[in-house]
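What follows is a single structure, written as structure tokens, with notes after it.
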Amino acid sequence: GDHFDEPALRRAFGTLVRSMYTLYLAVTNGQGWGEISDLLEGVGAASMWSFAGFVTVCIFGVTDVVTSVFVESAMSSSQHYKDLMVQERMIYDQMCVKHMKDIFRSIDATGSGFISLEAMEAYIQDPDLELQSYFNALDINATDTFTLFKLLDHRSCVVDIDEFCDGCMRSGKTW
């Protein structure tokens, strides 16, 4: 090169430790990398462009690593949230099925394991049992008992506990 500041070059790059420290200062903004690049320009264009390449790789490399960590963390949090929602829904559904089984057992006063349309109508219409409000709490529209029973029944004129639970869960607004 035409001109270079030898004392400044020795201070910046005179030993391996000084060279490493100067490169560290350049990528951490402790010393402007433009100043260091200007200093190297006097030595030669190859030195200046090598330094510029080093700074570029360091800056974009660190940026990519930080971005990758952030994206991975966000994706992990999102998956965890989805898993929690699925688990919460499963717990809710299990609770609803348990309550549906309790209702079924209340309607099945004889313990036969089956309920008829008549038994279901009598049970739903009984104001003392407040079954209608219970169905509403579980998001089940049971205002038309005949229609509800036909949705639950698989052409046997009676409904077993599985048909009752499955049908009530399907007829809920939340499904």
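We label chains A, B, ... in the order they appear in the structure tokens, count residues from 1 in each chain, and number ligands from 1 in the order shown.
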### Query
Could you pull out all residues of chain A with a DSSP call of helix (DSSP H, G or I) and give them as a ChimeraX atom specification?
/A:6-13,16-27,33-41,45-107,117-125,131-137,145-152,161-171
### Task
For Cys168 (chain A), please output as a PyMOL selection string all residues within 9 Å (counting only C-alpha atoms; exclusion window: fewer than 5 positions along the same chain).
chain A and resi 97+100+135+140+148+151-152+163
### Message
Could you list, as number ranges by chain, every residue within 10 Å of region 52-55 of chain A, counting only C-alpha atoms and ignoring same-chain residues fewer than 5 positions away?
### Response
A: 23-24, 26-28, 33-34, 36-37, 46-47, 60-61
Output N, CA and C atoms for every residue in the selection just made, as a tab-separated table (two decimals), in the first residue's frame.
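For reference, selection_20.tsv as written:
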chain	number	residue	atom	x	y	z
A	23	LEU	N	-9.83	-7.23	16.99
A	23	LEU	CA	-10.97	-7.85	16.30
A	23	LEU	C	-12.19	-7.90	17.22
A	24	TYR	N	-11.95	-8.19	18.48
A	24	TYR	CA	-13.05	-8.19	19.47
A	24	TYR	C	-13.68	-6.81	19.57
A	26	ALA	N	-13.74	-4.53	17.34
A	26	ALA	CA	-14.43	-4.22	16.09
A	26	ALA	C	-15.84	-4.80	16.06
A	27	VAL	N	-16.01	-6.04	16.51
A	27	VAL	CA	-17.35	-6.67	16.41
A	27	VAL	C	-18.24	-6.32	17.59
A	28	THR	N	-17.68	-5.78	18.67
A	28	THR	CA	-18.51	-5.39	19.82
A	28	THR	C	-18.72	-3.88	19.88
A	33	TRP	N	-15.28	-0.29	13.46
A	33	TRP	CA	-14.61	-1.16	12.51
A	33	TRP	C	-14.17	-0.40	11.27
A	34	GLY	N	-14.80	0.75	11.02
A	34	GLY	CA	-14.37	1.59	9.90
A	34	GLY	C	-12.97	2.15	10.13
A	36	ILE	N	-10.59	0.73	11.95
A	36	ILE	CA	-9.65	-0.38	11.80
A	36	ILE	C	-9.47	-0.71	10.32
A	37	SER	N	-10.57	-0.69	9.56
A	37	SER	CA	-10.51	-0.95	8.14
A	37	SER	C	-9.64	0.08	7.43
A	46	ALA	N	-6.37	-6.43	0.25
A	46	ALA	CA	-6.70	-7.79	0.72
A	46	ALA	C	-6.89	-7.81	2.23
A	47	SER	N	-6.04	-7.09	2.96
A	47	SER	CA	-6.18	-7.02	4.42
A	47	SER	C	-7.48	-6.33	4.80
A	60	PHE	N	-23.40	-11.10	11.20
A	60	PHE	CA	-24.53	-11.87	10.71
A	60	PHE	C	-24.61	-13.24	11.38
A	61	GLY	N	-23.47	-13.82	11.71
A	61	GLY	CA	-23.48	-15.09	12.43
A	61	GLY	C	-24.14	-14.97	13.78
### Query
Contacts of Met95 (chain A) at 12 Å or less, counting only C-alpha atoms, minus same-chain residues fewer than 5 places along, as number ranges by chain?
A: 88-90, 100-102, 138, 165, 169
Go ahead and save the residues from that selection, with C-alpha atoms, as a compact mmCIF listing (two decimals), in the first residue's frame.
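After the write, part_16.txt holds the following:
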# COMPACT_ATOMS: atom_id res chain seq x y z
CA GLU A 88 -57.46 -29.02 29.11
CA ARG A 89 -60.01 -30.09 26.49
CA MET A 90 -59.47 -33.76 27.34
CA MET A 100 -73.38 -37.64 31.52
CA LYS A 101 -72.93 -41.08 33.09
CA ASP A 102 -74.30 -39.73 36.39
CA LEU A 138 -72.80 -28.55 29.47
CA CYS A 165 -72.63 -40.08 26.50
CA MET A 169 -71.06 -34.91 23.70
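Using only C-alpha atoms, the shortest contact distance between Gly44 (chain A) and any of A:Phe146, A:Cys157, A:Phe4, A:Met120 is found at A:Phe4.
Remark: for Glu41 (chain A), the closest of the candidate residues A:Leu9, A:Met75, A:Val158, A:Asp108 is A:Leu9 (distances computed over only C-alpha atoms).
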